[in-house]
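Asker: File work-v7.cif follows (mmCIF, C-alpha atoms):
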data_model
loop_
_atom_site.group_PDB
_atom_site.id
_atom_site.type_symbol
_atom_site.label_atom_id
_atom_site.label_comp_id
_atom_site.auth_asym_id
_atom_site.auth_seq_id
_atom_site.Cartn_x
_atom_site.Cartn_y
_atom_site.Cartn_z
ATOM 1 C CA MET G 1 -128.696 51.344 82.601
ATOM 2 C CA SER G 2 -131.403 53.121 80.611
ATOM 3 C CA VAL G 3 -135.049 52.649 81.453
ATOM 4 C CA PRO G 4 -136.951 51.707 78.303
ATOM 5 C CA ALA G 5 -139.519 54.301 77.231
ATOM 6 C CA GLU G 6 -142.269 51.705 76.995
ATOM 7 C CA SER G 7 -141.667 50.725 80.596
ATOM 8 C CA ILE G 8 -142.347 54.316 81.739
ATOM 9 C CA PHE G 9 -145.513 54.413 79.638
ATOM 10 C CA PHE G 10 -146.889 51.359 81.430
ATOM 11 C CA ASP G 11 -145.703 52.565 84.849
ATOM 12 C CA LEU G 12 -147.921 55.633 84.407
ATOM 13 C CA TRP G 13 -150.762 53.467 83.183
ATOM 14 C CA SER G 14 -150.541 51.097 86.152
ATOM 15 C CA SER G 15 -152.059 53.665 88.536
ATOM 16 C CA THR G 16 -155.401 53.689 86.715
ATOM 17 C CA TYR G 17 -155.252 50.139 85.377
ATOM 18 C CA ASP G 18 -156.826 48.538 88.430
ATOM 19 C CA ARG G 19 -160.030 50.621 88.455
ATOM 20 C CA PRO G 20 -162.826 48.086 88.895
ATOM 21 C CA GLY G 21 -164.920 49.348 85.981
ATOM 22 C CA LEU G 22 -162.036 49.151 83.544
ATOM 23 C CA GLN G 23 -161.020 45.690 84.698
ATOM 24 C CA GLN G 24 -164.574 44.440 84.584
ATOM 25 C CA ALA G 25 -165.461 45.778 81.164
ATOM 26 C CA THR G 26 -162.271 45.256 79.210
ATOM 27 C CA TYR G 27 -160.195 42.494 80.721
ATOM 28 C CA ARG G 28 -162.651 40.122 82.348
ATOM 29 C CA PRO G 29 -164.279 38.880 79.115
ATOM 30 C CA ILE G 30 -160.814 38.281 77.666
ATOM 31 C CA HIS G 31 -159.604 36.426 80.740
ATOM 32 C CA ASN G 32 -162.780 34.303 80.681
ATOM 33 C CA ALA G 33 -162.116 33.381 77.056
ATOM 34 C CA VAL G 34 -158.469 32.506 77.753
ATOM 35 C CA LEU G 35 -159.316 30.376 80.803
ATOM 36 C CA GLY G 36 -162.037 28.637 78.788
ATOM 37 C CA ARG G 37 -159.370 27.388 76.365
ATOM 38 C CA LEU G 38 -157.422 25.831 79.260
ATOM 39 C CA GLU G 39 -160.237 23.772 80.781
ATOM 40 C CA GLY G 40 -159.323 20.129 81.330
ATOM 41 C CA LEU G 41 -155.567 20.724 81.256
ATOM 42 C CA GLU G 42 -153.275 19.854 84.182
ATOM 43 C CA PRO G 43 -150.323 22.168 83.757
ATOM 44 C CA LYS G 44 -147.375 22.115 86.138
ATOM 45 C CA ARG G 45 -145.983 25.505 85.201
ATOM 46 C CA ILE G 46 -147.855 28.449 83.760
ATOM 47 C CA LEU G 47 -146.420 31.747 82.546
ATOM 48 C CA ASP G 48 -148.633 34.809 82.206
ATOM 49 C CA LEU G 49 -146.657 37.008 79.858
ATOM 50 C CA GLY G 50 -147.574 40.684 80.115
ATOM 51 C CA CYS G 51 -149.269 39.986 83.442
ATOM 52 C CA GLY G 52 -150.002 43.649 84.224
ATOM 53 C CA THR G 53 -151.309 43.956 87.767
ATOM 54 C CA GLY G 54 -151.764 40.190 88.076
ATOM 55 C CA HIS G 55 -155.506 39.605 87.677
ATOM 56 C CA LEU G 56 -155.171 36.717 85.230
ATOM 57 C CA ALA G 57 -152.248 35.204 87.174
ATOM 58 C CA GLU G 58 -154.491 35.220 90.241
ATOM 59 C CA ARG G 59 -157.298 33.450 88.372
ATOM 60 C CA LEU G 60 -154.835 30.922 86.907
ATOM 61 C CA SER G 61 -153.586 30.114 90.426
ATOM 62 C CA MET G 62 -157.165 29.521 91.566
ATOM 63 C CA MET G 63 -158.047 27.394 88.535
ATOM 64 C CA PHE G 64 -154.841 25.324 88.780
ATOM 65 C CA PRO G 65 -153.958 25.213 92.496
ATOM 66 C CA LYS G 66 -151.227 22.605 91.939
ATOM 67 C CA ALA G 67 -149.471 24.597 89.234
ATOM 68 C CA SER G 68 -146.655 27.084 89.708
ATOM 69 C CA VAL G 69 -147.693 30.401 88.147
ATOM 70 C CA VAL G 70 -145.161 33.005 87.038
ATOM 71 C CA GLY G 71 -146.209 36.496 85.994
ATOM 72 C CA ALA G 72 -143.838 38.507 83.800
ATOM 73 C CA ASP G 73 -144.172 42.122 82.789
ATOM 74 C CA LEU G 74 -141.872 44.819 81.471
ATOM 75 C CA SER G 75 -143.297 47.502 83.716
ATOM 76 C CA ASP G 76 -142.110 48.155 87.234
ATOM 77 C CA GLY G 77 -145.414 49.812 88.215
ATOM 78 C CA MET G 78 -147.566 46.943 86.954
ATOM 79 C CA ILE G 79 -145.441 44.236 88.593
ATOM 80 C CA GLU G 80 -145.242 46.047 91.920
ATOM 81 C CA ARG G 81 -149.005 46.200 92.141
ATOM 82 C CA ALA G 82 -149.260 42.523 91.183
ATOM 83 C CA ALA G 83 -146.691 41.501 93.799
ATOM 84 C CA GLU G 84 -148.288 43.635 96.515
ATOM 85 C CA ARG G 85 -151.577 41.885 95.981
ATOM 86 C CA LEU G 86 -150.452 38.319 95.432
ATOM 87 C CA THR G 87 -147.020 37.246 96.675
ATOM 88 C CA ASP G 88 -147.998 37.415 100.355
ATOM 89 C CA ASP G 89 -150.378 34.531 99.751
ATOM 90 C CA ASP G 90 -147.706 32.643 97.824
ATOM 91 C CA MET G 91 -150.092 32.596 94.896
ATOM 92 C CA SER G 92 -147.655 33.519 92.168
ATOM 93 C CA ASP G 93 -144.125 34.656 91.415
ATOM 94 C CA PHE G 94 -143.371 37.793 89.446
ATOM 95 C CA VAL G 95 -140.425 38.915 87.349
ATOM 96 C CA ARG G 96 -139.700 41.966 85.254
ATOM 97 C CA ALA G 97 -138.878 40.695 81.808
ATOM 98 C CA ASP G 98 -138.903 41.593 78.130
ATOM 99 C CA ALA G 99 -140.977 39.219 75.955
ATOM 100 C CA GLN G 100 -138.251 39.303 73.308
ATOM 101 C CA HIS G 101 -135.558 38.185 75.816
ATOM 102 C CA LEU G 102 -137.245 35.988 78.393
ATOM 103 C CA PRO G 103 -135.221 35.010 81.493
ATOM 104 C CA LEU G 104 -136.632 31.500 81.621
ATOM 105 C CA ARG G 105 -135.204 28.072 81.044
ATOM 106 C CA ASP G 106 -135.833 26.128 77.802
ATOM 107 C CA HIS G 107 -138.980 23.940 77.753
ATOM 108 C CA SER G 108 -139.910 24.933 81.308
ATOM 109 C CA PHE G 109 -143.626 25.735 80.803
ATOM 110 C CA ASP G 110 -146.718 23.718 79.776
ATOM 111 C CA VAL G 111 -148.955 26.752 79.368
ATOM 112 C CA VAL G 112 -148.291 30.380 78.485
ATOM 113 C CA THR G 113 -151.027 32.998 78.425
ATOM 114 C CA CYS G 114 -150.498 36.368 76.802
ATOM 115 C CA THR G 115 -153.386 38.823 76.933
ATOM 116 C CA GLU G 116 -153.467 42.364 75.556
ATOM 117 C CA SER G 117 -149.712 42.309 75.285
ATOM 118 C CA PHE G 118 -148.501 40.752 72.032
ATOM 119 C CA HIS G 119 -149.561 43.781 70.008
ATOM 120 C CA TRP G 120 -147.057 45.972 71.892
ATOM 121 C CA TYR G 121 -143.977 43.943 70.963
ATOM 122 C CA ALA G 122 -141.635 45.644 68.532
ATOM 123 C CA ASP G 123 -140.195 42.312 67.334
ATOM 124 C CA GLN G 124 -143.069 39.836 67.282
ATOM 125 C CA GLU G 125 -140.989 37.159 65.541
ATOM 126 C CA ALA G 126 -138.469 37.249 68.391
ATOM 127 C CA ALA G 127 -141.322 36.954 70.914
ATOM 128 C CA ALA G 128 -142.769 33.932 69.041
ATOM 129 C CA ALA G 129 -139.316 32.307 68.996
ATOM 130 C CA GLU G 130 -138.998 32.861 72.744
ATOM 131 C CA LEU G 131 -142.403 31.268 73.333
ATOM 132 C CA ALA G 132 -141.346 28.255 71.257
ATOM 133 C CA ARG G 133 -138.131 27.970 73.251
ATOM 134 C CA LEU G 134 -139.650 27.992 76.711
ATOM 135 C CA ILE G 135 -142.797 25.926 76.047
ATOM 136 C CA ALA G 136 -142.281 22.156 76.254
ATOM 137 C CA PRO G 137 -143.387 20.022 73.272
ATOM 138 C CA GLY G 138 -147.167 19.522 73.510
ATOM 139 C CA GLY G 139 -147.491 22.694 75.635
ATOM 140 C CA ARG G 140 -149.932 25.479 74.806
ATOM 141 C CA VAL G 141 -149.914 29.190 74.227
ATOM 142 C CA VAL G 142 -153.108 31.238 74.325
ATOM 143 C CA ILE G 143 -152.775 34.762 72.975
ATOM 144 C CA ALA G 144 -155.460 37.456 73.159
ATOM 145 C CA SER G 145 -154.406 40.403 71.021
ATOM 146 C CA ILE G 146 -155.873 43.262 69.065
ATOM 147 C CA ALA G 147 -156.458 42.281 65.473
ATOM 148 C CA THR G 148 -156.234 44.904 62.767
ATOM 149 C CA VAL G 149 -159.492 46.229 61.382
ATOM 150 C CA THR G 150 -158.388 46.228 57.770
ATOM 151 C CA GLY G 151 -155.785 43.488 57.882
ATOM 152 C CA PHE G 152 -153.111 45.931 56.777
ATOM 153 C CA ALA G 153 -150.202 46.610 59.095
ATOM 154 C CA ASP G 154 -150.508 50.392 58.837
ATOM 155 C CA ASP G 155 -154.221 50.575 59.475
ATOM 156 C CA ALA G 156 -156.111 53.110 61.583
ATOM 157 C CA ILE G 157 -155.225 51.635 64.983
ATOM 158 C CA GLN G 158 -151.531 51.726 64.365
ATOM 159 C CA ARG G 159 -151.616 55.249 62.935
ATOM 160 C CA ALA G 160 -153.731 56.619 65.797
ATOM 161 C CA THR G 161 -151.626 55.024 68.531
ATOM 162 C CA ALA G 162 -148.363 56.028 66.847
ATOM 163 C CA LEU G 163 -149.561 59.649 67.086
ATOM 164 C CA ALA G 164 -150.012 59.060 70.829
ATOM 165 C CA GLY G 165 -146.346 58.031 70.987
ATOM 166 C CA ARG G 166 -146.868 54.333 71.502
ATOM 167 C CA PRO G 167 -147.695 52.327 68.384
ATOM 168 C CA VAL G 168 -149.924 49.287 68.787
ATOM 169 C CA ARG G 169 -148.566 46.728 66.374
ATOM 170 C CA ALA G 170 -151.903 45.066 65.829
ATOM 171 C CA ILE G 171 -151.307 41.851 64.000
ATOM 172 C CA PRO G 172 -153.653 40.431 61.356
ATOM 173 C CA LYS G 173 -155.115 37.037 62.213
ATOM 174 C CA ARG G 174 -153.411 35.195 59.368
ATOM 175 C CA GLU G 175 -150.092 36.892 60.108
ATOM 176 C CA LEU G 176 -150.142 35.734 63.751
ATOM 177 C CA ARG G 177 -150.948 32.201 62.571
ATOM 178 C CA ARG G 178 -148.051 32.290 60.117
ATOM 179 C CA LEU G 179 -145.694 33.680 62.763
ATOM 180 C CA LEU G 180 -146.571 30.959 65.287
ATOM 181 C CA GLU G 181 -146.381 28.157 62.723
ATOM 182 C CA ALA G 182 -142.970 29.353 61.590
ATOM 183 C CA ALA G 183 -141.802 29.335 65.229
ATOM 184 C CA GLY G 184 -142.889 25.685 65.721
ATOM 185 C CA PHE G 185 -146.537 25.807 66.806
ATOM 186 C CA GLU G 186 -149.709 24.208 65.466
ATOM 187 C CA VAL G 187 -152.568 26.742 65.609
ATOM 188 C CA GLU G 188 -155.630 24.979 67.065
ATOM 189 C CA HIS G 189 -158.103 27.835 67.172
ATOM 190 C CA GLN G 190 -158.485 31.481 66.205
ATOM 191 C CA GLY G 191 -161.545 33.607 66.862
ATOM 192 C CA ARG G 192 -162.932 36.909 68.095
ATOM 193 C CA ILE G 193 -163.695 37.621 71.735
ATOM 194 C CA PRO G 194 -166.878 39.710 71.874
ATOM 195 C CA ARG G 195 -167.013 42.449 74.485
ATOM 196 C CA LEU G 196 -169.493 45.272 74.882
ATOM 197 C CA GLY G 197 -168.734 48.751 73.741
ATOM 198 C CA PHE G 198 -165.166 48.257 72.641
ATOM 199 C CA VAL G 199 -163.959 48.124 69.100
ATOM 200 C CA PRO G 200 -161.784 46.479 67.960
ATOM 201 C CA TRP G 201 -162.679 43.154 69.426
ATOM 202 C CA PRO G 202 -159.697 41.182 70.595
ATOM 203 C CA MET G 203 -158.694 38.026 68.787
ATOM 204 C CA LEU G 204 -157.991 34.762 70.567
ATOM 205 C CA THR G 205 -155.307 32.429 69.215
ATOM 206 C CA ASP G 206 -154.629 29.034 70.777
ATOM 207 C CA ALA G 207 -151.614 27.024 69.599
ATOM 208 C CA THR G 208 -149.744 23.852 70.589
ATOM 209 C CA ARG G 209 -145.964 23.515 70.563
ATOM 210 C CA ARG G 210 -144.936 20.764 68.111
ATOM 211 C CA MET R 1 -138.742 37.505 101.729
ATOM 212 C CA THR R 2 -136.760 35.145 99.592
ATOM 213 C CA LEU R 3 -137.452 34.130 95.996
ATOM 214 C CA SER R 4 -139.411 30.886 95.731
ATOM 215 C CA THR R 5 -137.686 27.666 94.659
ATOM 216 C CA ASP R 6 -140.423 27.239 92.033
ATOM 217 C CA LEU R 7 -139.204 30.400 90.364
ATOM 218 C CA LEU R 8 -135.479 29.846 90.956
ATOM 219 C CA ASP R 9 -135.658 26.388 89.307
ATOM 220 C CA ILE R 10 -136.382 27.991 85.942
ATOM 221 C CA LEU R 11 -134.800 31.443 86.150
ATOM 222 C CA ALA R 12 -132.196 31.959 83.423
ATOM 223 C CA CYS R 13 -130.147 34.792 81.988
ATOM 224 C CA PRO R 14 -132.273 36.596 79.369
ATOM 225 C CA GLU R 15 -129.198 36.882 77.156
ATOM 226 C CA ASP R 16 -127.441 33.482 77.139
ATOM 227 C CA LYS R 17 -130.393 31.531 78.715
ATOM 228 C CA GLY R 18 -128.018 29.745 81.081
ATOM 229 C CA PRO R 19 -128.404 29.284 84.865
ATOM 230 C CA LEU R 20 -127.736 31.987 87.449
ATOM 231 C CA TYR R 21 -126.592 32.099 91.063
ATOM 232 C CA TYR R 22 -129.017 33.645 93.533
ATOM 233 C CA VAL R 23 -126.974 35.589 96.078
ATOM 234 C CA GLU R 24 -129.776 36.280 98.517
ATOM 235 C CA ALA R 25 -127.628 38.267 100.973
ATOM 236 C CA GLU R 26 -126.952 40.837 98.235
ATOM 237 C CA ASP R 27 -130.341 40.670 96.486
ATOM 238 C CA LEU R 28 -128.829 39.741 93.154
ATOM 239 C CA LEU R 29 -128.753 37.054 90.499
ATOM 240 C CA TYR R 30 -125.362 36.475 88.943
ATOM 241 C CA ASN R 31 -124.330 35.148 85.540
ATOM 242 C CA PRO R 32 -120.616 34.238 85.853
ATOM 243 C CA ARG R 33 -120.268 33.569 82.103
ATOM 244 C CA LEU R 34 -121.151 37.146 81.139
ATOM 245 C CA GLN R 35 -119.997 38.563 84.508
ATOM 246 C CA ARG R 36 -123.388 40.190 84.802
ATOM 247 C CA VAL R 37 -125.567 41.115 87.776
ATOM 248 C CA TYR R 38 -129.367 41.230 87.752
ATOM 249 C CA GLU R 39 -130.809 42.955 90.799
ATOM 250 C CA VAL R 40 -133.695 41.733 92.914
ATOM 251 C CA ARG R 41 -135.686 44.822 93.923
ATOM 252 C CA ASP R 42 -138.522 44.524 96.452
ATOM 253 C CA ASP R 43 -138.434 40.725 95.943
ATOM 254 C CA ILE R 44 -138.897 41.070 92.186
ATOM 255 C CA PRO R 45 -136.022 39.945 89.946
ATOM 256 C CA VAL R 46 -135.329 42.643 87.360
ATOM 257 C CA MET R 47 -134.382 40.423 84.419
ATOM 258 C CA LEU R 48 -133.901 43.170 81.848
ATOM 259 C CA ILE R 49 -130.687 43.294 79.832
ATOM 260 C CA ASP R 50 -130.891 47.109 79.761
ATOM 261 C CA GLU R 51 -131.008 47.328 83.548
ATOM 262 C CA ALA R 52 -128.365 44.676 84.277
ATOM 263 C CA ARG R 53 -124.856 45.588 85.425
ATOM 264 C CA ASN R 54 -121.612 44.140 84.086
ATOM 265 C CA VAL R 55 -118.876 43.734 86.671
ATOM 266 C CA ASP R 56 -115.082 43.868 86.417
ATOM 267 C CA THR R 57 -112.753 40.965 87.218
ATOM 268 C CA ALA R 58 -112.202 42.023 90.842
ATOM 269 C CA GLU R 59 -115.957 42.207 91.495
ATOM 270 C CA HIS R 60 -116.480 38.910 89.628
ATOM 271 C CA GLU R 61 -113.947 37.222 91.887
ATOM 272 C CA ARG R 62 -115.525 38.736 94.987
ATOM 273 C CA ILE R 63 -119.014 37.495 93.995
ATOM 274 C CA MET R 64 -117.652 34.032 93.090
ATOM 275 C CA GLY R 65 -115.976 33.982 96.528
ATOM 276 C CA VAL R 66 -119.327 34.667 98.203
ATOM 277 C CA ILE R 67 -120.960 31.949 96.066
ATOM 278 C CA GLU R 68 -118.281 29.391 96.968
ATOM 279 C CA SER R 69 -118.101 30.212 100.674
ATOM 280 C CA SER R 70 -121.911 30.078 100.967
ATOM 281 C CA GLY R 71 -122.073 26.824 98.975
ATOM 282 C CA LEU R 72 -124.596 28.296 96.511
ATOM 283 C CA THR R 73 -125.668 26.200 93.534
ATOM 284 C CA PRO R 74 -126.889 27.473 90.150
ATOM 285 C CA THR R 75 -130.628 27.900 89.479
ATOM 286 C CA PHE R 76 -130.566 24.748 87.342
ATOM 287 C CA ASP R 77 -128.096 22.315 85.735
ATOM 288 C CA ALA R 78 -127.310 23.538 82.242
#
What do you get writing this file as C-alpha cells?
Answerer:
Amino acid sequence: MSVPAESIFFDLWSSTYDRPGLQQATYRPIHNAVLGRLEGLEPKRILDLGCGTGHLAERLSMMFPKASVVGADLSDGMIERAAERLTDDDMSDFVRADAQHLPLRDHSFDVVTCTESFHWYADQEAAAAELARLIAPGGRVVIASIATVTGFADDAIQRATALAGRPVRAIPKRELRRLLEAAGFEVEHQGRIPRLGFVPWPMLTDATRR
Amino acid sequence: MTLSTDLLDILACPEDKGPLYYVEAEDLLYNPRLQRVYEVRDDIPVMLIDEARNVDTAEHERIMGVIESSGLTPTFDA
C-alpha cells in the first residue's frame, strides 16, 4: 500500500499545471501536432496515456465524437482535475494506471496518444510492450517525448533532472524507433515539434501496430 | 456516479490482464483469480498494483457471495 514517489511528484505539479500560459505555450503546439497525425482516422477507442489534467483527452473527444476516450495517468492530483472538468459531460473516462502495467484488455484500442509522458517511464521497453498488447493490429500510437540533445542516454537533461530528484529518461530518436519496432510496430513518421522558447524541442513518433 | 460501460468493457487487472467484477455498491473492482481488490475512489478506478489490496479466503468468499447474489458479470469474457 505504498504511494509511489513519482505519483507524489506529479500530484504537487498538478496544482500549477493548468495555468493558461503554461498550457498554451508548452502543451498546445504538441497537442496540435499529435491531433494532426490522426486526421482522417475513425477510431472507436482512444487511450490518452499520461493524460495529465485531461486537455488532450478533451480535444480528442471533440475531434472524434463517436469514439470512446479513456485518459490514464499515474497521478491522483492530475486525474482528479481531469475528472472534475470532464466526466460530468460524459466526455471521457479516467483511470489511475501505470504505463508499465496497464489495466486494459488486449487489442482494445485503435489509437493511443502519449504526450510528454514516455520520457518519465523507468522501464520503457515494458511500456512499449504494453502498448503493443492493447493496440489492435493496424492501430496507431502517437508519442510526443523529449529527445536527448546529444543522443547519449546520460546527457545534460538526464543529469540535470536527476539532480532535481526526478530523472527524465529522454530517449534518442533512433532508440525509440528501435524499441517500438522490437515491440511489434512499424514507425511511420518521426520528427521535431517546434515550439517557441523551449529547448529541447519535443519529438513526435507515429507508429502502426503490425 | 457509476463507471461507464465503455470503460468497464475493457477494464482488466493490471497484473494478469484478465477481467474484473465491478461491485458498485462497495466501490471496488475485484479479481477473483488473484483475490485482489482495486478501489474506485471519487469515481476513478485506482488500477495500481501498489495500491491494490489482497484479501483472505473469508473476504474472497464474502465478495463472491455479493457478486453471485447481485448477478454481476465480469468486465469482459476472457
Asker: Show which residues sit within 9 Å of Gly54 of chain G, as a PyMOL selection string. Count all atoms listed in the file, and ignore same-chain residues fewer than 5 positions away.
Answerer: chain G and resi 48+59+71+78-79+81-83+85-86+92+94
Asker: Write the selection just made, keeping C-alpha atoms, as a PDB file, in the coordinates of the input?
Answerer:
ATOM      1  CA  ASP G  48    -148.633  34.809  82.206  1.00  0.00           C
ATOM      2  CA  ARG G  59    -157.298  33.450  88.372  1.00  0.00           C
ATOM      3  CA  GLY G  71    -146.209  36.496  85.994  1.00  0.00           C
ATOM      4  CA  MET G  78    -147.566  46.943  86.954  1.00  0.00           C
ATOM      5  CA  ILE G  79    -145.441  44.236  88.593  1.00  0.00           C
ATOM      6  CA  ARG G  81    -149.005  46.200  92.141  1.00  0.00           C
ATOM      7  CA  ALA G  82    -149.260  42.523  91.183  1.00  0.00           C
ATOM      8  CA  ALA G  83    -146.691  41.501  93.799  1.00  0.00           C
ATOM      9  CA  ARG G  85    -151.577  41.885  95.981  1.00  0.00           C
ATOM     10  CA  LEU G  86    -150.452  38.319  95.432  1.00  0.00           C
ATOM     11  CA  SER G  92    -147.655  33.519  92.168  1.00  0.00           C
ATOM     12  CA  PHE G  94    -143.371  37.793  89.446  1.00  0.00           C
TER      13      PHE G  94
END
Asker: Residues picked by the PyMOL selection byres ((chain R and resi 38-48) around 6) here, as a PyMOL selection string?
Answerer: (chain G and resi 95-97) or (chain R and resi 27-29+37+49-52)
Asker: For the file shown, what are the residues hit by the PyMOL selection byres ((chain G) within 12 of (chain R)), laid out as a PyMOL selection string?
Answerer: chain G and resi 1-5+7+44-47+66-84+87-88+90-109+130+133-135
Asker: Take the PyMOL selection byres ((chain G and resi 191) around 7), run it mentally on this structure, and tell me the resulting residues as a VMD selection string.
Answerer: chain G and resid 189 to 190 192 to 193 203 to 205
Asker: When you draw a straight line from atom CA of Tyr22 of chain R to atom CA of Met64 of chain R, how long is it in Å?
Answerer: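 Spanning atom CA of Tyr22 of chain R to atom CA of Met64 of chain R is a straight-line distance of 11.4 Å.
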Asker: Would you kindly return, as number ranges by chain, each protein, DNA or RNA residue with an atom no farther than 8 Å from any atom of Asn54 of chain R, considering all atoms listed in the file and excluding same-chain residues fewer than 6 positions away?
Answerer: R: 34-37
Asker: Quick one, how far is atom CA of Met62 of chain G from atom CA of Leu35 of chain G?
Answerer: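 Atom CA of Met62 of chain G sits 11.0 Å away from atom CA of Leu35 of chain G.
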Asker: Box for segment 192-196 of chain G - axis-aligned, 4 Å on each of the six sides, all listed atoms - centre and size in Å to one decimal, as AutoDock Vina command-line options.
Answerer:
--center_x -166.2 --center_y 41.1 --center_z 71.5 --size_x 14.6 --size_y 16.4 --size_z 14.8
Asker: Calculate how many Å separate atom CA of Arg195 of chain G from atom CA of Leu131 of chain G, rounding to one decimal.
Answerer: 27.1 Å
Asker: In the coordinate frame of the file, compute which residues have an atom within 12 Å of (-146.3, 42.2, 69.6) when using only C-alpha atoms, and state them as a PyMOL selection string.
Answerer: chain G and resi 49-50+98-100+114-128+143-147+167-172+175-176+179
